[in-house]
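Student: I'm passing along entry_39.cif; it holds mmCIF, C-alpha atoms.
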```cif
data_entry
#
loop_
_atom_site.group_PDB
_atom_site.id
_atom_site.type_symbol
_atom_site.label_atom_id
_atom_site.label_comp_id
_atom_site.auth_asym_id
_atom_site.auth_seq_id
_atom_site.Cartn_x
_atom_site.Cartn_y
_atom_site.Cartn_z
ATOM 1 C CA MET A 1 5.686 22.227 -7.453
ATOM 2 C CA THR A 2 4.306 21.788 -3.923
ATOM 3 C CA GLY A 3 1.474 19.326 -4.426
ATOM 4 C CA ARG A 4 1.587 15.574 -4.927
ATOM 5 C CA LEU A 5 -0.037 13.019 -7.158
ATOM 6 C CA VAL A 6 -2.038 10.846 -4.751
ATOM 7 C CA HIS A 7 -2.703 7.593 -6.594
ATOM 8 C CA THR A 8 -5.628 5.519 -5.299
ATOM 9 C CA GLY A 9 -5.494 2.773 -7.935
ATOM 10 C CA GLN A 10 -3.950 -0.681 -7.994
ATOM 11 C CA VAL A 11 -0.352 -1.780 -8.502
ATOM 12 C CA VAL A 12 -0.043 -5.386 -9.675
ATOM 13 C CA VAL A 13 2.736 -7.557 -11.054
ATOM 14 C CA ASP A 14 2.590 -8.528 -14.740
ATOM 15 C CA LEU A 15 3.870 -11.958 -15.758
ATOM 16 C CA VAL A 16 4.443 -11.331 -19.461
ATOM 17 C CA MET A 17 5.021 -14.365 -21.700
ATOM 18 C CA THR A 18 5.669 -14.205 -25.440
ATOM 19 C CA VAL A 19 4.104 -17.216 -27.150
ATOM 20 C CA PRO A 20 3.718 -18.307 -30.795
ATOM 21 C CA ALA A 21 -0.049 -18.636 -30.280
ATOM 22 C CA LEU A 22 -2.515 -19.121 -27.450
ATOM 23 C CA PRO A 23 -2.562 -22.733 -26.231
ATOM 24 C CA PRO A 24 -5.527 -24.902 -27.221
ATOM 25 C CA LEU A 25 -7.975 -25.954 -24.509
ATOM 26 C CA GLY A 26 -6.094 -28.262 -22.171
ATOM 27 C CA GLY A 27 -2.861 -27.730 -24.128
ATOM 28 C CA ASP A 28 0.474 -26.019 -23.596
ATOM 29 C CA VAL A 29 2.899 -23.821 -25.539
ATOM 30 C CA LEU A 30 6.505 -22.839 -24.936
ATOM 31 C CA ALA A 31 7.138 -19.135 -24.320
ATOM 32 C CA SER A 32 10.102 -17.541 -26.076
ATOM 33 C CA SER A 33 10.468 -14.969 -23.295
ATOM 34 C CA THR A 34 9.149 -14.451 -19.774
ATOM 35 C CA ASN A 35 9.288 -11.261 -17.728
ATOM 36 C CA LEU A 36 7.965 -10.309 -14.301
ATOM 37 C CA LEU A 37 7.264 -6.566 -14.223
ATOM 38 C CA PRO A 38 5.394 -4.045 -12.082
ATOM 39 C CA GLY A 39 2.158 -3.036 -13.756
ATOM 40 C CA GLY A 40 -1.271 -1.515 -13.320
ATOM 41 C CA GLY A 41 -1.114 1.818 -11.545
ATOM 42 C CA PHE A 42 2.674 1.673 -11.405
ATOM 43 C CA ASN A 43 2.909 2.966 -14.977
ATOM 44 C CA VAL A 44 1.025 6.209 -14.237
ATOM 45 C CA MET A 45 3.032 6.876 -11.085
ATOM 46 C CA ALA A 46 6.362 6.215 -12.807
ATOM 47 C CA ALA A 47 5.445 8.636 -15.613
ATOM 48 C CA ALA A 48 4.518 11.384 -13.152
ATOM 49 C CA ALA A 49 7.641 10.841 -11.039
ATOM 50 C CA ARG A 50 9.924 10.972 -14.083
ATOM 51 C CA SER A 51 8.438 14.384 -14.878
ATOM 52 C CA GLY A 52 9.375 15.617 -11.429
ATOM 53 C CA ALA A 53 6.153 15.080 -9.479
ATOM 54 C CA ARG A 54 6.027 13.934 -5.878
ATOM 55 C CA VAL A 55 3.922 10.787 -5.861
ATOM 56 C CA LEU A 56 2.127 9.006 -3.016
ATOM 57 C CA TYR A 57 0.725 5.528 -3.570
ATOM 58 C CA ALA A 58 -2.441 5.419 -1.465
ATOM 59 C CA GLY A 59 -3.471 1.944 -2.642
ATOM 60 C CA SER A 60 -2.907 -1.299 -0.767
ATOM 61 C CA HIS A 61 -0.131 -3.820 -1.360
ATOM 62 C CA GLY A 62 0.629 -7.243 0.058
ATOM 63 C CA ILE A 63 3.282 -9.364 1.648
ATOM 64 C CA GLY A 64 5.290 -11.905 -0.347
ATOM 65 C CA GLY A 65 7.376 -11.868 -3.503
ATOM 66 C CA PHE A 66 4.972 -9.936 -5.709
ATOM 67 C CA GLY A 67 4.491 -7.245 -3.077
ATOM 68 C CA ASP A 68 8.252 -6.985 -2.611
ATOM 69 C CA LEU A 69 8.754 -6.547 -6.363
ATOM 70 C CA ALA A 70 6.083 -3.842 -6.532
ATOM 71 C CA ARG A 71 7.508 -1.928 -3.571
ATOM 72 C CA SER A 72 11.038 -2.144 -4.941
ATOM 73 C CA ALA A 73 9.919 -0.730 -8.288
ATOM 74 C CA LEU A 74 7.979 2.090 -6.620
ATOM 75 C CA ALA A 75 10.967 2.960 -4.425
ATOM 76 C CA ALA A 76 13.242 3.082 -7.482
ATOM 77 C CA GLU A 77 10.951 5.762 -8.959
ATOM 78 C CA GLY A 78 10.865 7.727 -5.707
ATOM 79 C CA VAL A 79 7.204 6.939 -5.003
ATOM 80 C CA GLU A 80 6.162 7.110 -1.338
ATOM 81 C CA LEU A 81 3.856 4.537 0.262
ATOM 82 C CA ALA A 82 0.875 5.602 2.371
ATOM 83 C CA HIS A 83 0.421 2.199 4.039
ATOM 84 C CA GLU A 84 2.270 -0.804 5.375
ATOM 85 C CA PRO A 85 1.716 -4.093 3.491
ATOM 86 C CA VAL A 86 -1.582 -5.913 4.013
ATOM 87 C CA SER A 87 -0.584 -8.929 6.103
ATOM 88 C CA GLU A 88 -3.158 -11.427 4.867
ATOM 89 C CA MET A 89 -2.092 -11.813 1.220
ATOM 90 C CA ASP A 90 0.351 -10.963 -1.536
ATOM 91 C CA THR A 91 -0.056 -8.377 -4.281
ATOM 92 C CA GLY A 92 -1.995 -9.708 -7.281
ATOM 93 C CA VAL A 93 -0.536 -10.920 -10.557
ATOM 94 C CA VAL A 94 -1.692 -10.563 -14.163
ATOM 95 C CA VAL A 95 -0.674 -13.242 -16.651
ATOM 96 C CA VAL A 96 -0.139 -11.584 -20.034
ATOM 97 C CA LEU A 97 0.197 -13.809 -23.103
ATOM 98 C CA VAL A 98 1.567 -11.963 -26.147
ATOM 99 C CA ASP A 99 1.133 -13.929 -29.378
ATOM 100 C CA ALA A 100 2.997 -13.664 -32.679
ATOM 101 C CA THR A 101 0.631 -10.932 -33.935
ATOM 102 C CA GLY A 102 1.285 -8.773 -30.858
ATOM 103 C CA GLU A 103 -2.212 -9.424 -29.478
ATOM 104 C CA ARG A 104 -2.345 -9.505 -25.677
ATOM 105 C CA THR A 105 -4.542 -11.862 -23.645
ATOM 106 C CA PHE A 106 -4.887 -11.397 -19.896
ATOM 107 C CA ALA A 107 -5.824 -13.420 -16.828
ATOM 108 C CA THR A 108 -5.906 -11.446 -13.567
ATOM 109 C CA GLY A 109 -5.507 -12.780 -10.057
ATOM 110 C CA THR A 110 -6.565 -10.109 -7.548
ATOM 111 C CA GLY A 111 -4.574 -9.762 -4.359
ATOM 112 C CA ALA A 112 -4.035 -7.133 -1.682
ATOM 113 C CA GLU A 113 -4.480 -4.282 -4.172
ATOM 114 C CA GLY A 114 -8.191 -5.144 -4.209
ATOM 115 C CA ARG A 115 -8.466 -4.722 -0.429
ATOM 116 C CA LEU A 116 -8.201 -0.959 0.024
ATOM 117 C CA SER A 117 -10.388 -0.576 3.105
ATOM 118 C CA ALA A 118 -12.093 2.619 4.239
ATOM 119 C CA GLU A 119 -9.939 2.503 7.374
ATOM 120 C CA LEU A 120 -6.740 2.645 5.310
ATOM 121 C CA LEU A 121 -7.997 5.363 2.998
ATOM 122 C CA ASP A 122 -9.129 7.523 5.904
ATOM 123 C CA ARG A 123 -5.470 7.783 6.961
ATOM 124 C CA VAL A 124 -4.673 9.612 3.720
ATOM 125 C CA THR A 125 -5.307 13.359 3.817
ATOM 126 C CA PRO A 126 -4.733 15.091 0.468
ATOM 127 C CA LYS A 127 -4.125 18.833 0.443
ATOM 128 C CA ASN A 128 -5.651 21.524 -1.728
ATOM 129 C CA ASP A 129 -2.706 21.517 -4.135
ATOM 130 C CA ASP A 130 -2.671 17.736 -4.642
ATOM 131 C CA VAL A 131 -4.007 15.861 -7.674
ATOM 132 C CA VAL A 132 -5.877 12.699 -6.675
ATOM 133 C CA TYR A 133 -5.846 9.983 -9.336
ATOM 134 C CA VAL A 134 -8.810 7.598 -9.457
ATOM 135 C CA SER A 135 -8.859 4.524 -11.697
ATOM 136 C CA GLY A 136 -11.946 2.892 -13.149
ATOM 137 C CA TYR A 137 -10.423 -0.444 -12.154
ATOM 138 C CA SER A 138 -11.047 0.522 -8.511
ATOM 139 C CA TRP A 139 -14.777 0.415 -9.198
ATOM 140 C CA LEU A 140 -14.465 -3.282 -10.100
ATOM 141 C CA HIS A 141 -13.152 -4.133 -6.611
ATOM 142 C CA GLU A 142 -16.067 -3.938 -4.171
ATOM 143 C CA ILE A 143 -13.947 -3.034 -1.126
ATOM 144 C CA ASN A 144 -12.014 -0.308 -2.992
ATOM 145 C CA ARG A 145 -15.206 1.051 -4.510
ATOM 146 C CA ALA A 146 -16.962 1.339 -1.145
ATOM 147 C CA ALA A 147 -13.966 3.079 0.430
ATOM 148 C CA LEU A 148 -13.617 5.603 -2.405
ATOM 149 C CA ILE A 149 -17.340 6.414 -2.486
ATOM 150 C CA GLU A 150 -17.104 7.530 1.135
ATOM 151 C CA TRP A 151 -13.705 9.226 0.880
ATOM 152 C CA LEU A 152 -13.772 11.252 -2.349
ATOM 153 C CA PRO A 153 -16.627 13.653 -1.434
ATOM 154 C CA ARG A 154 -14.761 14.590 1.756
ATOM 155 C CA LEU A 155 -11.621 15.853 0.023
ATOM 156 C CA PRO A 156 -10.756 19.470 0.895
ATOM 157 C CA GLY A 157 -10.368 20.821 -2.635
ATOM 158 C CA SER A 158 -7.805 18.605 -4.340
ATOM 159 C CA LYS A 159 -8.169 18.134 -8.089
ATOM 160 C CA ILE A 160 -9.610 14.682 -8.816
ATOM 161 C CA LEU A 161 -8.358 13.123 -12.064
ATOM 162 C CA PHE A 162 -10.362 10.111 -13.269
ATOM 163 C CA ASP A 163 -9.230 7.563 -15.857
ATOM 164 C CA PRO A 164 -12.058 5.045 -16.441
ATOM 165 C CA GLY A 165 -9.882 2.493 -18.273
ATOM 166 C CA PRO A 166 -10.732 -0.158 -20.871
ATOM 167 C CA LEU A 167 -13.219 -2.030 -18.653
ATOM 168 C CA ILE A 168 -15.490 1.000 -18.508
ATOM 169 C CA THR A 169 -18.497 -1.014 -19.698
ATOM 170 C CA ASP A 170 -18.144 -3.261 -16.632
ATOM 171 C CA ILE A 171 -18.675 -0.311 -14.265
ATOM 172 C CA HIS A 172 -22.268 0.089 -13.120
ATOM 173 C CA PRO A 173 -23.854 3.131 -14.845
ATOM 174 C CA GLY A 174 -24.945 4.533 -11.495
ATOM 175 C CA ASP A 175 -21.382 4.348 -10.207
ATOM 176 C CA LEU A 176 -20.093 6.063 -13.336
ATOM 177 C CA HIS A 177 -22.591 8.879 -12.878
ATOM 178 C CA ALA A 178 -21.577 9.258 -9.236
ATOM 179 C CA ILE A 179 -17.845 9.460 -9.917
ATOM 180 C CA LEU A 180 -18.281 11.821 -12.883
ATOM 181 C CA SER A 181 -20.217 14.220 -10.640
ATOM 182 C CA THR A 182 -17.298 14.237 -8.180
ATOM 183 C CA ILE A 183 -14.249 14.629 -10.433
ATOM 184 C CA ASP A 184 -12.523 17.726 -11.793
ATOM 185 C CA ILE A 185 -10.760 16.252 -14.837
ATOM 186 C CA LEU A 186 -11.453 13.209 -16.998
ATOM 187 C CA SER A 187 -8.705 11.506 -19.000
ATOM 188 C CA CYS A 188 -9.807 8.737 -21.340
ATOM 189 C CA ASN A 189 -9.388 7.399 -24.854
ATOM 190 C CA ALA A 190 -11.810 7.930 -27.728
ATOM 191 C CA ARG A 191 -13.607 4.602 -27.228
ATOM 192 C CA GLU A 192 -14.193 5.328 -23.547
ATOM 193 C CA ALA A 193 -15.461 8.813 -24.374
ATOM 194 C CA GLU A 194 -17.967 7.274 -26.778
ATOM 195 C CA VAL A 195 -19.217 4.945 -24.055
ATOM 196 C CA LEU A 196 -19.617 7.851 -21.634
ATOM 197 C CA GLY A 197 -21.461 10.041 -24.124
ATOM 198 C CA GLU A 198 -21.731 13.307 -22.222
ATOM 199 C CA LEU A 199 -18.370 14.390 -20.826
ATOM 200 C CA PRO A 200 -17.676 16.492 -17.734
ATOM 201 C CA PRO A 201 -16.694 20.178 -18.164
ATOM 202 C CA VAL A 202 -12.960 19.351 -18.321
ATOM 203 C CA ALA A 203 -11.930 16.249 -20.259
ATOM 204 C CA ILE A 204 -8.908 15.064 -22.204
ATOM 205 C CA VAL A 205 -9.735 12.493 -24.865
ATOM 206 C CA ARG A 206 -6.664 10.617 -26.095
ATOM 207 C CA GLU A 207 -6.670 9.761 -29.806
ATOM 208 C CA GLY A 208 -3.468 7.763 -30.251
ATOM 209 C CA ALA A 209 -0.986 9.096 -32.789
ATOM 210 C CA LYS A 210 -3.345 11.986 -33.616
ATOM 211 C CA GLY A 211 -2.807 13.447 -30.150
ATOM 212 C CA CYS A 212 -5.736 14.376 -27.957
ATOM 213 C CA ARG A 213 -8.821 16.544 -27.811
ATOM 214 C CA VAL A 214 -9.268 18.884 -24.855
ATOM 215 C CA HIS A 215 -12.799 19.719 -23.728
ATOM 216 C CA GLU A 216 -12.710 22.695 -21.379
ATOM 217 C CA ASN A 217 -15.894 24.418 -20.250
ATOM 218 C CA GLY A 218 -17.628 24.154 -23.607
ATOM 219 C CA ARG A 219 -14.577 24.768 -25.771
ATOM 220 C CA ILE A 220 -12.983 21.892 -27.713
ATOM 221 C CA THR A 221 -9.350 22.105 -28.822
ATOM 222 C CA ASP A 222 -7.440 19.554 -30.892
ATOM 223 C CA VAL A 223 -3.900 19.118 -29.547
ATOM 224 C CA PRO A 224 -1.831 17.363 -32.234
ATOM 225 C CA GLY A 225 0.447 14.425 -31.534
ATOM 226 C CA PHE A 226 4.145 14.124 -32.326
ATOM 227 C CA PRO A 227 5.121 11.935 -35.311
ATOM 228 C CA VAL A 228 7.326 8.996 -34.293
ATOM 229 C CA ASP A 229 8.009 5.436 -35.416
ATOM 230 C CA ALA A 230 5.997 3.377 -32.948
ATOM 231 C CA VAL A 231 7.196 -0.076 -31.912
ATOM 232 C CA ASP A 232 4.973 -0.772 -28.869
ATOM 233 C CA THR A 233 1.932 1.220 -27.776
ATOM 234 C CA THR A 234 1.591 -0.588 -24.432
ATOM 235 C CA GLY A 235 1.241 1.900 -21.601
ATOM 236 C CA ALA A 236 1.017 5.000 -23.783
ATOM 237 C CA GLY A 237 -2.260 6.045 -22.151
ATOM 238 C CA ASP A 238 -0.762 5.611 -18.677
ATOM 239 C CA THR A 239 2.236 7.728 -19.693
ATOM 240 C CA HIS A 240 -0.089 10.425 -21.026
ATOM 241 C CA CYS A 241 -2.147 10.482 -17.832
ATOM 242 C CA GLY A 242 0.865 10.518 -15.501
ATOM 243 C CA VAL A 243 2.638 13.348 -17.317
ATOM 244 C CA LEU A 244 -0.620 15.298 -17.571
ATOM 245 C CA ALA A 245 -0.945 15.086 -13.781
ATOM 246 C CA ALA A 246 2.676 16.138 -13.252
ATOM 247 C CA GLU A 247 2.210 19.214 -15.426
ATOM 248 C CA LEU A 248 -1.022 20.208 -13.685
ATOM 249 C CA LEU A 249 0.872 20.001 -10.387
ATOM 250 C CA ARG A 250 3.394 22.469 -11.840
ATOM 251 C CA GLY A 251 0.574 24.921 -12.430
ATOM 252 C CA SER A 252 0.343 24.441 -16.196
ATOM 253 C CA SER A 253 -2.926 25.017 -18.007
ATOM 254 C CA VAL A 254 -4.818 21.949 -19.201
ATOM 255 C CA LEU A 255 -3.830 22.745 -22.810
ATOM 256 C CA ASP A 256 -0.129 23.139 -22.012
ATOM 257 C CA ALA A 257 -0.194 19.958 -19.928
ATOM 258 C CA ALA A 258 -1.824 18.105 -22.823
ATOM 259 C CA VAL A 259 0.980 19.143 -25.204
ATOM 260 C CA ARG A 260 3.630 17.662 -22.931
ATOM 261 C CA ALA A 261 1.526 14.575 -22.272
ATOM 262 C CA ASN A 262 1.265 14.022 -26.044
ATOM 263 C CA ALA A 263 5.048 14.338 -26.373
ATOM 264 C CA ALA A 264 5.648 11.880 -23.529
ATOM 265 C CA ALA A 265 3.206 9.346 -24.987
ATOM 266 C CA ALA A 266 4.889 9.660 -28.399
ATOM 267 C CA LEU A 267 8.307 8.949 -26.916
ATOM 268 C CA SER A 268 6.972 6.031 -24.894
ATOM 269 C CA VAL A 269 5.744 4.129 -27.962
ATOM 270 C CA THR A 270 9.242 4.154 -29.483
ATOM 271 C CA ARG A 271 10.310 1.700 -26.746
ATOM 272 C CA ARG A 272 9.160 -1.780 -25.818
ATOM 273 C CA GLY A 273 7.452 -2.332 -22.509
ATOM 274 C CA PRO A 274 4.685 -0.842 -20.385
ATOM 275 C CA ALA A 275 6.559 1.620 -18.121
ATOM 276 C CA THR A 276 8.477 3.447 -20.861
ATOM 277 C CA SER A 277 7.679 7.041 -19.971
ATOM 278 C CA PRO A 278 10.547 9.439 -20.750
ATOM 279 C CA GLY A 279 12.099 11.869 -18.309
ATOM 280 C CA ARG A 280 11.423 15.586 -18.284
ATOM 281 C CA LYS A 281 14.486 16.552 -20.345
ATOM 282 C CA GLU A 282 13.521 14.196 -23.176
ATOM 283 C CA ILE A 283 10.061 15.717 -23.285
ATOM 284 C CA ASP A 284 11.580 19.204 -23.322
ATOM 285 C CA GLN A 285 13.741 18.279 -26.310
ATOM 286 C CA LEU A 286 10.861 16.888 -28.354
ATOM 287 C CA VAL A 287 8.548 19.802 -27.601
ATOM 288 C CA GLU A 288 11.267 22.322 -28.476
ATOM 289 C CA ALA A 289 12.186 20.465 -31.677
ATOM 290 C CA MET A 290 8.594 20.553 -32.889
ATOM 291 C CA SER A 291 7.784 24.123 -31.837
#
```
Translate this structure into structure tokens?

Tutor:
Amino acid sequence: MTGRLVHTGQVVVDLVMTVPALPPLGGDVLASSTNLLPGGGFNVMAAAARSGARVLYAGSHGIGGFGDLARSALAAEGVELAHEPVSEMDTGVVVVLVDATGERTFATGTGAEGRLSAELLDRVTPKNDDVVYVSGYSWLHEINRAALIEWLPRLPGSKILFDPGPLITDIHPGDLHAILSTIDILSCNAREAEVLGELPPVAIVREGAKGCRVHENGRITDVPGFPVDAVDTTGAGDTHCGVLAAELLRGSSVLDAAVRANAAAALSVTRRGPATSPGRKEIDQLVEAMS
């Protein structure tokens, strides 16, 4: 493996609070647990790194406690940083309220991760054997969007992997058309695929426990999932995408990469938390056991 995963998305910090129910308007509730965790793009990068990929975070990050936490978590996974911290602000935070039914409600405060300027991105030079990850969330930050629109068409031949994310309907249709004409591989879930309608020549559509469906130059192949007892599906899509990228960097075919991504996602849902991607050996064991 010589290439890197170059991640252009956003790392944030998740403030996760478990509550009996959402508070009424103007009210308050007591949380039974509170955790401050790296989130957003961190989950994809951690999954790729745990499968042996070199990873470069090309997004922006801020000064302050949240930025320090994000950088510490990235360093622990062996992820390199393309930039110094943005000096004007801290990294953003997402408040996540998890109620007694397991439903998650979010409130996002954008910080330095939404300030990826064209000047910063121009300092990043991917190589032909790199995989460049682009998140749909970037298209919801005007500065990031403008920088990526200029930068992506100038890449020398790197594979561009696009994950539109759950807020796909908030992306302007013209922007979606533009990015889809630029990318090499799409990774999305079934709902997002339905929103898109026509898919690019190479697409991986995640279908939860069923596995995924690989669209490759007119041929559609169902890649089955791995049966497990799921306890928390948070971050399973990020795990799938990160491991898929790591396997493509190893030179695997899209179909072979999808098998390992399915195995990694299956293992991740047997654990609680967002960044629960397994390591390479665990994936090997599950794939071998089911072959």

Student: Find the residues around A:Lys159 up to 8 Å (all atoms listed in the file counted), leave out those fewer than 2 positions away in its own chain, and share them as number ranges by chain.

Tutor: A: 128-132, 157, 161, 183-185

Student: Take the residues from that selection and write them out as a PDB file, keeping the file's coordinate frame, keeping C-alpha atoms.

Tutor:
```pdb
ATOM      1  CA  ASN A 128      -5.651  21.524  -1.728  1.00  0.00           C
ATOM      2  CA  ASP A 129      -2.706  21.517  -4.135  1.00  0.00           C
ATOM      3  CA  ASP A 130      -2.671  17.736  -4.642  1.00  0.00           C
ATOM      4  CA  VAL A 131      -4.007  15.861  -7.674  1.00  0.00           C
ATOM      5  CA  VAL A 132      -5.877  12.699  -6.675  1.00  0.00           C
ATOM      6  CA  GLY A 157     -10.368  20.821  -2.635  1.00  0.00           C
ATOM      7  CA  LEU A 161      -8.358  13.123 -12.064  1.00  0.00           C
ATOM      8  CA  ILE A 183     -14.249  14.629 -10.433  1.00  0.00           C
ATOM      9  CA  ASP A 184     -12.523  17.726 -11.793  1.00  0.00           C
ATOM     10  CA  ILE A 185     -10.760  16.252 -14.837  1.00  0.00           C
TER      11      ILE A 185
END
```

Student: What is the distance, in Å and to one decimal place, between atom CA of A:Pro227 and atom CA of A:Glu77?

Tutor: 27.7 Å

Student: Point out the residue among A:His61, A:Gln10, A:Ala265, A:Thr18 with the least atom-to-atom distance to A:Arg145, counting all atoms listed in the file.

Tutor: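 When distances to A:Arg145 are compared using all atoms listed in the file, the smallest one comes from A:Gln10.
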
Student: Up to 10 Å from (-14.2, 10.3, -25.6) in the file's coordinates: name the residues, counting all atoms listed in the file, as a list of chain:residue names.

Tutor: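 Every residue inside that radius is included here: A:Leu186, A:Ser187, A:Cys188, A:Asn189, A:Ala190, A:Arg191, A:Glu192, A:Ala193, A:Glu194, A:Val195, A:Leu196, A:Gly197, A:Glu198, A:Leu199, A:Ala203, A:Ile204, A:Val205, A:Arg206, A:Glu207, A:Cys212, A:Arg213, A:Val214, A:His215.
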
Student: Show me as a ChimeraX atom specification the residues that reach within 7 Å of (6.9, -12.8, -14.8), counting only C-alpha atoms and using the file's own coordinates.

Tutor: /A:14-16,34-37

Student: Please report the interatomic distance between atom CA of A:Pro156 and atom CA of A:Met45 in Å with one decimal.

Tutor: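 If I compute the distance from atom CA of A:Pro156 to atom CA of A:Met45, I get 22.2 Å.
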
Student: From the block I gave, I'd like stretch 128-145 of chain A written with N, CA, C and O atoms, as a CSV table (one decimal), in the first residue's frame.

Tutor:
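To be explicit, this is the file written out as result_27.csv:
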```csv
chain,number,residue,atom,x,y,z
A,128,ASN,N,-1.3,10.1,-7.6
A,128,ASN,CA,-2.2,9.3,-8.4
A,128,ASN,C,-2.7,8.1,-7.7
A,128,ASN,O,-3.8,7.6,-8.0
A,129,ASP,N,-1.9,7.6,-6.7
A,129,ASP,CA,-2.4,6.4,-6.0
A,129,ASP,C,-3.1,6.7,-4.7
A,129,ASP,O,-3.4,5.8,-3.9
A,130,ASP,N,-3.5,7.9,-4.5
A,130,ASP,CA,-4.3,8.3,-3.3
A,130,ASP,C,-5.8,8.1,-3.6
A,130,ASP,O,-6.2,8.1,-4.7
A,131,VAL,N,-6.5,7.9,-2.5
A,131,VAL,CA,-8.0,8.0,-2.5
A,131,VAL,C,-8.4,9.3,-1.8
A,131,VAL,O,-8.0,9.5,-0.6
A,132,VAL,N,-9.1,10.2,-2.4
A,132,VAL,CA,-9.6,11.4,-1.8
A,132,VAL,C,-11.0,11.3,-1.4
A,132,VAL,O,-11.9,11.0,-2.2
A,133,TYR,N,-11.3,11.4,-0.1
A,133,TYR,CA,-12.6,11.3,0.4
A,133,TYR,C,-13.3,12.6,0.5
A,133,TYR,O,-12.7,13.6,1.0
A,134,VAL,N,-14.5,12.7,-0.1
A,134,VAL,CA,-15.3,14.0,0.0
A,134,VAL,C,-16.6,13.7,0.6
A,134,VAL,O,-17.3,12.7,0.3
A,135,SER,N,-17.0,14.5,1.6
A,135,SER,CA,-18.2,14.3,2.4
A,135,SER,C,-19.3,15.3,1.9
A,135,SER,O,-19.0,16.5,1.6
A,136,GLY,N,-20.5,14.9,1.8
A,136,GLY,CA,-21.6,15.7,1.5
A,136,GLY,C,-21.8,16.9,2.5
A,136,GLY,O,-22.3,18.0,2.1
A,137,TYR,N,-21.3,16.7,3.7
A,137,TYR,CA,-21.4,17.7,4.7
A,137,TYR,C,-20.6,19.0,4.3
A,137,TYR,O,-20.9,20.1,4.6
A,138,SER,N,-19.5,18.7,3.5
A,138,SER,CA,-18.7,19.8,3.1
A,138,SER,C,-19.5,20.8,2.2
A,138,SER,O,-19.2,22.0,2.2
A,139,TRP,N,-20.5,20.3,1.5
A,139,TRP,CA,-21.2,21.1,0.6
A,139,TRP,C,-22.2,22.0,1.4
A,139,TRP,O,-22.9,22.9,0.8
A,140,LEU,N,-22.4,21.8,2.7
A,140,LEU,CA,-23.2,22.6,3.5
A,140,LEU,C,-22.5,23.7,4.2
A,140,LEU,O,-23.1,24.5,4.9
A,141,HIS,N,-21.2,23.8,4.0
A,141,HIS,CA,-20.3,24.8,4.5
A,141,HIS,C,-19.8,25.6,3.3
A,141,HIS,O,-19.1,25.1,2.5
A,142,GLU,N,-20.3,26.9,3.2
A,142,GLU,CA,-20.0,27.6,1.9
A,142,GLU,C,-18.5,27.8,1.6
A,142,GLU,O,-18.1,27.6,0.5
A,143,ILE,N,-17.7,28.0,2.7
A,143,ILE,CA,-16.3,28.2,2.4
A,143,ILE,C,-15.7,26.8,1.9
A,143,ILE,O,-14.9,26.8,0.9
A,144,ASN,N,-16.0,25.7,2.6
A,144,ASN,CA,-15.5,24.4,2.2
A,144,ASN,C,-15.9,24.1,0.8
A,144,ASN,O,-15.1,23.6,0.0
A,145,ARG,N,-17.2,24.3,0.5
A,145,ARG,CA,-17.8,24.0,-0.8
A,145,ARG,C,-17.0,24.8,-1.9
A,145,ARG,O,-16.6,24.2,-2.9
```
